[in-house]
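Peer 1: Got a structure for you, run_32.cif, holding mmCIF, C-alpha atoms.
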data_run
loop_
_atom_site.group_PDB
_atom_site.id
_atom_site.type_symbol
_atom_site.label_atom_id
_atom_site.label_comp_id
_atom_site.auth_asym_id
_atom_site.auth_seq_id
_atom_site.Cartn_x
_atom_site.Cartn_y
_atom_site.Cartn_z
ATOM 1 C CA MET A 1 26.223 -62.448 37.693
ATOM 2 C CA SER A 2 27.317 -59.015 38.816
ATOM 3 C CA GLN A 3 30.411 -57.681 37.176
ATOM 4 C CA THR A 4 33.070 -56.228 39.410
ATOM 5 C CA VAL A 5 35.290 -53.360 38.338
ATOM 6 C CA SER A 6 38.883 -54.228 38.851
ATOM 7 C CA PRO A 7 41.346 -51.627 40.125
ATOM 8 C CA PHE A 8 43.408 -52.216 36.988
ATOM 9 C CA SER A 9 40.525 -51.127 34.675
ATOM 10 C CA VAL A 10 40.053 -47.973 36.757
ATOM 11 C CA VAL A 11 43.735 -47.167 36.498
ATOM 12 C CA GLU A 12 43.675 -47.793 32.751
ATOM 13 C CA ALA A 13 40.664 -45.509 32.262
ATOM 14 C CA LEU A 14 42.032 -42.769 34.499
ATOM 15 C CA PRO A 15 44.262 -41.107 31.848
ATOM 16 C CA ALA A 16 41.302 -40.890 29.467
ATOM 17 C CA TRP A 17 39.155 -39.233 32.132
ATOM 18 C CA ILE A 18 41.933 -36.831 33.042
ATOM 19 C CA GLY A 19 42.428 -35.990 29.380
ATOM 20 C CA ALA A 20 38.716 -35.299 28.927
ATOM 21 C CA VAL A 21 38.609 -33.050 32.002
ATOM 22 C CA CYS A 22 41.705 -31.161 30.826
ATOM 23 C CA ALA A 23 40.156 -30.722 27.388
ATOM 24 C CA VAL A 24 36.994 -29.230 28.879
ATOM 25 C CA ILE A 25 38.975 -26.918 31.145
ATOM 26 C CA GLY A 26 41.208 -25.898 28.242
ATOM 27 C CA LEU A 27 38.194 -25.169 26.012
ATOM 28 C CA ARG A 28 36.552 -23.007 28.675
ATOM 29 C CA THR A 29 39.808 -21.161 29.312
ATOM 30 C CA TRP A 30 40.219 -20.507 25.596
ATOM 31 C CA GLN A 31 36.629 -19.271 25.316
ATOM 32 C CA HIS A 32 37.144 -16.971 28.307
ATOM 33 C CA GLN A 33 40.385 -15.573 26.865
ATOM 34 C CA LEU A 34 38.783 -15.038 23.471
ATOM 35 C CA HIS A 35 35.791 -13.283 25.056
ATOM 36 C CA TYR A 36 38.079 -11.097 27.188
ATOM 37 C CA LYS A 37 40.247 -10.204 24.183
ATOM 38 C CA GLU A 38 37.244 -9.242 22.059
ATOM 39 C CA ASN A 39 35.792 -7.084 24.846
ATOM 40 C CA TYR A 40 39.199 -5.538 25.513
ATOM 41 C CA GLU A 41 39.638 -4.536 21.861
ATOM 42 C CA LEU A 42 36.106 -3.165 21.693
ATOM 43 C CA ALA A 43 36.629 -1.143 24.877
ATOM 44 C CA ARG A 44 39.957 0.180 23.601
ATOM 45 C CA ARG A 45 38.419 1.318 20.307
ATOM 46 C CA LEU A 46 35.473 2.892 22.115
ATOM 47 C CA LEU A 47 37.662 4.899 24.473
ATOM 48 C CA ARG A 48 39.974 5.973 21.661
ATOM 49 C CA ALA A 49 37.031 7.106 19.517
ATOM 50 C CA ALA A 50 35.531 9.013 22.460
ATOM 51 C CA TYR A 51 38.831 10.806 23.066
ATOM 52 C CA LYS A 52 39.091 11.722 19.361
ATOM 53 C CA TYR A 53 35.550 13.120 19.495
ATOM 54 C CA ARG A 54 36.375 15.134 22.634
ATOM 55 C CA ASP A 55 39.570 16.505 21.076
ATOM 56 C CA ALA A 56 37.755 17.422 17.852
ATOM 57 C CA ILE A 57 35.206 19.448 19.826
ATOM 58 C CA ASN A 58 37.999 21.235 21.688
ATOM 59 C CA GLN A 59 39.986 21.924 18.522
ATOM 60 C CA ALA A 60 36.917 23.330 16.772
ATOM 61 C CA ARG A 61 36.801 25.937 19.548
ATOM 62 C CA PHE A 62 40.412 26.994 19.084
ATOM 63 C CA PRO A 63 40.342 30.803 19.320
ATOM 64 C CA PHE A 64 42.119 31.390 16.012
ATOM 65 C CA SER A 65 40.996 30.204 12.600
ATOM 66 C CA TYR A 66 42.533 30.339 9.147
ATOM 67 C CA ARG A 67 40.052 31.542 6.595
ATOM 68 C CA SER A 68 40.427 30.581 2.976
ATOM 69 C CA GLU A 69 41.489 33.236 0.497
ATOM 70 C CA HIS A 70 39.013 34.557 -2.070
ATOM 71 C CA SER A 71 39.618 36.476 -5.219
ATOM 72 C CA ASP A 72 38.352 40.020 -5.565
ATOM 73 C CA GLU A 73 35.718 38.798 -7.997
ATOM 74 C CA ASP A 74 34.103 36.555 -5.397
ATOM 75 C CA LYS A 75 33.691 39.258 -2.731
ATOM 76 C CA PRO A 76 32.258 36.924 -0.088
ATOM 77 C CA THR A 77 30.070 38.338 2.634
ATOM 78 C CA TYR A 78 31.082 38.158 6.271
ATOM 79 C CA GLN A 79 28.303 35.651 6.882
ATOM 80 C CA SER A 80 29.439 33.319 4.061
ATOM 81 C CA THR A 81 33.048 33.556 5.226
ATOM 82 C CA GLU A 82 32.066 32.683 8.786
ATOM 83 C CA GLN A 83 29.866 29.844 7.563
ATOM 84 C CA GLU A 84 32.723 28.383 5.537
ATOM 85 C CA SER A 85 35.144 28.773 8.437
ATOM 86 C CA TRP A 86 32.899 26.991 10.934
ATOM 87 C CA SER A 87 32.033 24.322 8.380
ATOM 88 C CA ARG A 88 35.731 23.470 8.088
ATOM 89 C CA ARG A 89 36.092 23.485 11.870
ATOM 90 C CA PHE A 90 33.276 20.958 12.216
ATOM 91 C CA GLU A 91 34.563 18.542 9.577
ATOM 92 C CA ALA A 92 36.765 16.812 12.167
ATOM 93 C CA VAL A 93 33.958 16.850 14.750
ATOM 94 C CA ASN A 94 31.522 15.138 12.375
ATOM 95 C CA ALA A 95 34.139 12.618 11.215
ATOM 96 C CA SER A 96 35.046 11.630 14.780
ATOM 97 C CA LYS A 97 31.371 11.471 15.743
ATOM 98 C CA ARG A 98 30.704 9.032 12.888
ATOM 99 C CA GLU A 99 33.645 6.884 14.001
ATOM 100 C CA LEU A 100 32.376 6.857 17.586
ATOM 101 C CA GLY A 101 28.876 6.030 16.366
ATOM 102 C CA ALA A 102 30.163 2.988 14.482
ATOM 103 C CA GLU A 103 31.954 1.691 17.582
ATOM 104 C CA LEU A 104 28.875 2.329 19.731
ATOM 105 C CA LEU A 105 26.749 0.325 17.310
ATOM 106 C CA GLU A 106 29.014 -2.692 17.732
ATOM 107 C CA ALA A 107 29.097 -2.183 21.498
ATOM 108 C CA GLU A 108 25.300 -2.084 21.583
ATOM 109 C CA VAL A 109 25.168 -5.499 19.900
ATOM 110 C CA VAL A 110 27.680 -7.033 22.330
ATOM 111 C CA LEU A 111 27.211 -5.118 25.585
ATOM 112 C CA GLY A 112 23.923 -3.251 25.359
ATOM 113 C CA ARG A 113 23.144 0.480 25.382
ATOM 114 C CA ARG A 114 24.809 1.468 28.639
ATOM 115 C CA PHE A 115 27.754 3.178 26.920
ATOM 116 C CA ILE A 116 25.451 5.210 24.700
ATOM 117 C CA ASN A 117 23.719 6.567 27.789
ATOM 118 C CA GLU A 118 27.056 7.411 29.444
ATOM 119 C CA LEU A 119 28.080 9.519 26.429
ATOM 120 C CA GLN A 120 24.946 11.671 26.287
ATOM 121 C CA ALA A 121 26.675 14.491 28.192
ATOM 122 C CA LEU A 122 29.387 14.667 25.511
ATOM 123 C CA PHE A 123 26.809 14.656 22.715
ATOM 124 C CA GLU A 124 25.051 17.527 24.490
ATOM 125 C CA CYS A 125 28.289 19.547 24.427
ATOM 126 C CA ASP A 126 28.486 19.049 20.663
ATOM 127 C CA LYS A 127 24.815 20.001 20.303
ATOM 128 C CA ASP A 128 25.176 23.187 22.362
ATOM 129 C CA LEU A 129 28.291 24.267 20.469
ATOM 130 C CA TYR A 130 26.590 23.712 17.119
ATOM 131 C CA GLY A 131 23.525 25.601 18.310
ATOM 132 C CA CYS A 132 25.658 28.601 19.266
ATOM 133 C CA ILE A 133 27.304 28.588 15.849
ATOM 134 C CA LEU A 134 23.925 28.609 14.119
ATOM 135 C CA GLU A 135 22.813 31.500 16.325
ATOM 136 C CA HIS A 136 26.038 33.344 15.489
ATOM 137 C CA LEU A 137 25.486 32.888 11.752
ATOM 138 C CA ASP A 138 21.885 34.034 12.098
ATOM 139 C CA SER A 139 22.982 37.086 14.097
ATOM 140 C CA ILE A 140 25.176 38.386 11.252
ATOM 141 C CA GLY A 141 22.630 37.762 8.516
ATOM 142 C CA ASP A 142 20.469 40.320 6.787
ATOM 143 C CA ALA A 143 17.337 39.269 8.678
ATOM 144 C CA SER A 144 18.867 38.659 12.090
ATOM 145 C CA GLU A 145 16.570 38.502 15.087
ATOM 146 C CA PRO A 146 16.998 41.323 17.664
ATOM 147 C CA GLU A 147 17.618 38.978 20.607
ATOM 148 C CA LEU A 148 20.609 37.431 18.792
ATOM 149 C CA ILE A 149 22.538 40.660 18.305
ATOM 150 C CA THR A 150 22.559 41.965 21.873
ATOM 151 C CA LYS A 151 25.848 42.264 23.719
ATOM 152 C CA GLU A 152 24.771 39.704 26.306
ATOM 153 C CA ALA A 153 23.865 37.171 23.604
ATOM 154 C CA ARG A 154 27.237 37.646 21.865
ATOM 155 C CA ILE A 155 29.164 37.198 25.125
ATOM 156 C CA ALA A 156 27.203 34.051 26.003
ATOM 157 C CA ARG A 157 27.879 32.552 22.566
ATOM 158 C CA ARG A 158 31.568 33.379 22.588
ATOM 159 C CA LYS A 159 32.040 31.551 25.908
ATOM 160 C CA ILE A 160 30.917 28.378 24.153
ATOM 161 C CA MET A 161 32.245 28.989 20.645
ATOM 162 C CA PHE A 162 35.811 29.884 21.632
ATOM 163 C CA ALA A 163 38.094 28.228 24.158
ATOM 164 C CA ARG A 164 40.890 29.807 26.124
ATOM 165 C CA LEU A 165 44.378 28.911 24.979
ATOM 166 C CA ASP A 166 44.900 26.703 28.035
ATOM 167 C CA TYR A 167 41.478 25.049 27.585
ATOM 168 C CA GLN A 168 40.605 25.828 31.194
ATOM 169 C CA ASP A 169 37.436 27.767 30.431
ATOM 170 C CA GLU A 170 34.052 26.613 31.710
ATOM 171 C CA PHE A 171 32.896 24.886 28.522
ATOM 172 C CA SER A 172 36.228 23.066 28.029
ATOM 173 C CA GLN A 173 35.967 21.721 31.563
ATOM 174 C CA ARG A 174 32.401 20.676 30.858
ATOM 175 C CA VAL A 175 33.614 18.684 27.838
ATOM 176 C CA SER A 176 36.247 16.977 29.995
ATOM 177 C CA ARG A 177 33.749 16.134 32.737
ATOM 178 C CA ALA A 178 31.358 14.700 30.153
ATOM 179 C CA LEU A 179 33.662 11.702 29.739
ATOM 180 C CA GLU A 180 34.093 10.843 33.424
ATOM 181 C CA ALA A 181 31.126 8.461 33.731
ATOM 182 C CA PHE A 182 32.030 6.773 30.452
ATOM 183 C CA GLU A 183 35.646 6.282 31.541
ATOM 184 C CA GLN A 184 34.546 4.748 34.853
ATOM 185 C CA GLU A 185 32.486 2.180 32.945
ATOM 186 C CA ILE A 186 35.002 1.366 30.221
ATOM 187 C CA ARG A 187 38.314 1.246 32.078
ATOM 188 C CA PRO A 188 37.597 -1.951 34.076
ATOM 189 C CA MET A 189 37.313 -3.701 30.697
ATOM 190 C CA LEU A 190 40.867 -2.550 29.977
ATOM 191 C CA GLY A 191 42.255 -4.005 33.195
ATOM 192 C CA TYR A 192 42.016 -0.869 35.336
ATOM 193 C CA LYS A 193 40.325 -1.002 38.689
ATOM 194 C CA LYS A 194 37.139 0.966 39.002
ATOM 195 C CA PRO A 195 37.571 4.069 41.219
ATOM 196 C CA VAL A 196 36.323 3.611 44.778
ATOM 197 C CA LYS A 197 33.935 6.513 44.372
ATOM 198 C CA ALA A 198 32.394 4.925 41.307
ATOM 199 C CA MET A 199 32.119 1.542 43.040
ATOM 200 C CA ARG A 200 30.308 3.060 45.995
ATOM 201 C CA SER A 201 27.889 4.932 43.786
ATOM 202 C CA SER A 202 27.168 1.795 41.783
ATOM 203 C CA LYS A 203 26.060 -0.040 44.927
ATOM 204 C CA ARG A 204 23.419 2.506 45.784
#
Please re-express this file's structure in structure tokens.
Peer 2:
Amino acid sequence: MSQTVSPFSVVEALPAWIGAVCAVIGLRTWQHQLHYKENYELARRLLRAAYKYRDAINQARFPFSYRSEHSDEDKPTYQSTEQESWSRRFEAVNASKRELGAELLEAEVVLGRRFINELQALFECDKDLYGCILEHLDSIGDASEPELITKEARIARRKIMFARLDYQDEFSQRVSRALEAFEQEIRPMLGYKKPVKAMRSSKR
């Protein structure tokens, strides 16, 4: 004999089915919110660390420095004084770079390497600045190379080593531009709309 399903049994089972559907929808909503929150916090930390790294590079190029005092017995050379001064300037740069590196490592696990690639321009700014400092220290040493002590070489280094007070010099602007691509990628994760220009370029 075939069993017929009565309308009353369907009505009785309906609340259970509705409850199951609501539970599934609620679970997926919770998972989506948790995923969004985790990505949001990661993006926020990444952007904050990138800004700290940018600011540390700019501050290292501040045109005035405070050199430590030495006793007359020490009699430091100009080269050792400059080396100590630039070493102190770069302490904040290295610390912020390590912080950014830690956040990038977590982002690589969750989101891949795309943010690392977007920050290469900023890393290059750091590399070029450090290279100029090494050339400067070599140029004031006892065995300095002739090409490092020319007037043209000194002028070229100073344009990178020292910023203008308003930070509107060419290298400062290069540091600022180095973050543009990274910001365009990270800000949509923080709830900002991607710029139209960036959206168009991404479709190409």
Peer 1: Write out as a ChimeraX atom specification each polymer residue whose atoms come within 8 Å of Glu118 of chain A, counting only C-alpha atoms; drop sequence neighbours fewer than 3 positions from it.
Peer 2: /A:114-115,121,179,181-182
Peer 1: What does the structure give for the distance between atom CA of Asp55 of chain A and atom CA of Leu129 of chain A, in Å to one decimal?
Peer 2: 13.7 Å
Peer 1: How far is it from atom CA of Arg187 of chain A to atom CA of Cys125 of chain A, in Å with one decimal?
Peer 2: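 Pair atom CA of Arg187 of chain A / atom CA of Cys125 of chain A returns 22.2 Å.
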Peer 1: Apply the PyMOL selection byres ((chain A and resi 48-53) around 7) to the file shown and report the selected residues as a PyMOL selection string.
Peer 2: chain A and resi 44-47+54-57+93+96-97+99-100
Peer 1: Go ahead and save the residues from that selection, with C-alpha atoms, as a tab-separated table (two decimals), in the frame of the given file.
Peer 2:
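File part.tsv, as written:
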chain	number	residue	atom	x	y	z
A	44	ARG	CA	39.96	0.18	23.60
A	45	ARG	CA	38.42	1.32	20.31
A	46	LEU	CA	35.47	2.89	22.12
A	47	LEU	CA	37.66	4.90	24.47
A	54	ARG	CA	36.38	15.13	22.63
A	55	ASP	CA	39.57	16.50	21.08
A	56	ALA	CA	37.76	17.42	17.85
A	57	ILE	CA	35.21	19.45	19.83
A	93	VAL	CA	33.96	16.85	14.75
A	96	SER	CA	35.05	11.63	14.78
A	97	LYS	CA	31.37	11.47	15.74
A	99	GLU	CA	33.65	6.88	14.00
A	100	LEU	CA	32.38	6.86	17.59
Peer 1: What does the distance between atom CA of Glu145 of chain A and atom CA of Arg157 of chain A come to in Å, to one decimal place?
Peer 2: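 Rounded to one decimal, the two atoms are 14.8 Å apart.
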Peer 1: At most 7 Å from (32.2, -2.9, 27.3), file frame, all atoms listed in the file: which residues, as a list in words?
Peer 2: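 Checked against the point, the hits come out as Asn39, Leu42, Ala43, Ala107, Leu111, Ile186 and Met189 of chain A.
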Peer 1: Between A:Ile155, A:Leu122, A:Ser85, A:Ile140, which has the minimum distance to Ser176 of chain A (counting all atoms listed in the file)?
Peer 2: A:Leu122
Peer 1: Pull out every residue that the PyMOL selection byres ((chain A and resi 63) around 9) matches in the shown coordinates and put them as a VMD selection string.
Peer 2: chain A and resid 59 to 62 64 to 65 161 to 165
Peer 1: For each of A:Arg174, A:Lys151, A:Arg89, A:Lys159, take the minimum atom-to-atom distance to Cys132 of chain A, counting all atoms listed in the file, then give the residue where this is smallest.
Peer 2: A:Lys159
Peer 1: Identify which of the residues A:Asn117, A:Thr77, A:Leu104, A:Glu38 lies closest to Ala178 of chain A, counting all atoms listed in the file when measuring atom-to-atom distances.
Peer 2: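 The shortest atom-to-atom distance to Ala178 of chain A comes from A:Asn117.
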Peer 1: Listed atoms of segment 113-127 of chain A, axis-aligned box, 5 Å per side: centre and edge lengths to one decimal in Å, as lines of an AutoDock Vina configuration file?
Peer 2:
center_x = 26.3
center_y = 10.2
center_z = 24.9
size_x = 16.2
size_y = 29.5
size_z = 19.1
Peer 1: Determine the nearest neighbour of Gln173 of chain A from the options A:Ala102, A:Glu41, A:Ala156, A:Asn58, counting all atoms listed in the file.
Peer 2: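 Using all atoms listed in the file, Gln173 of chain A sits closest to A:Asn58.
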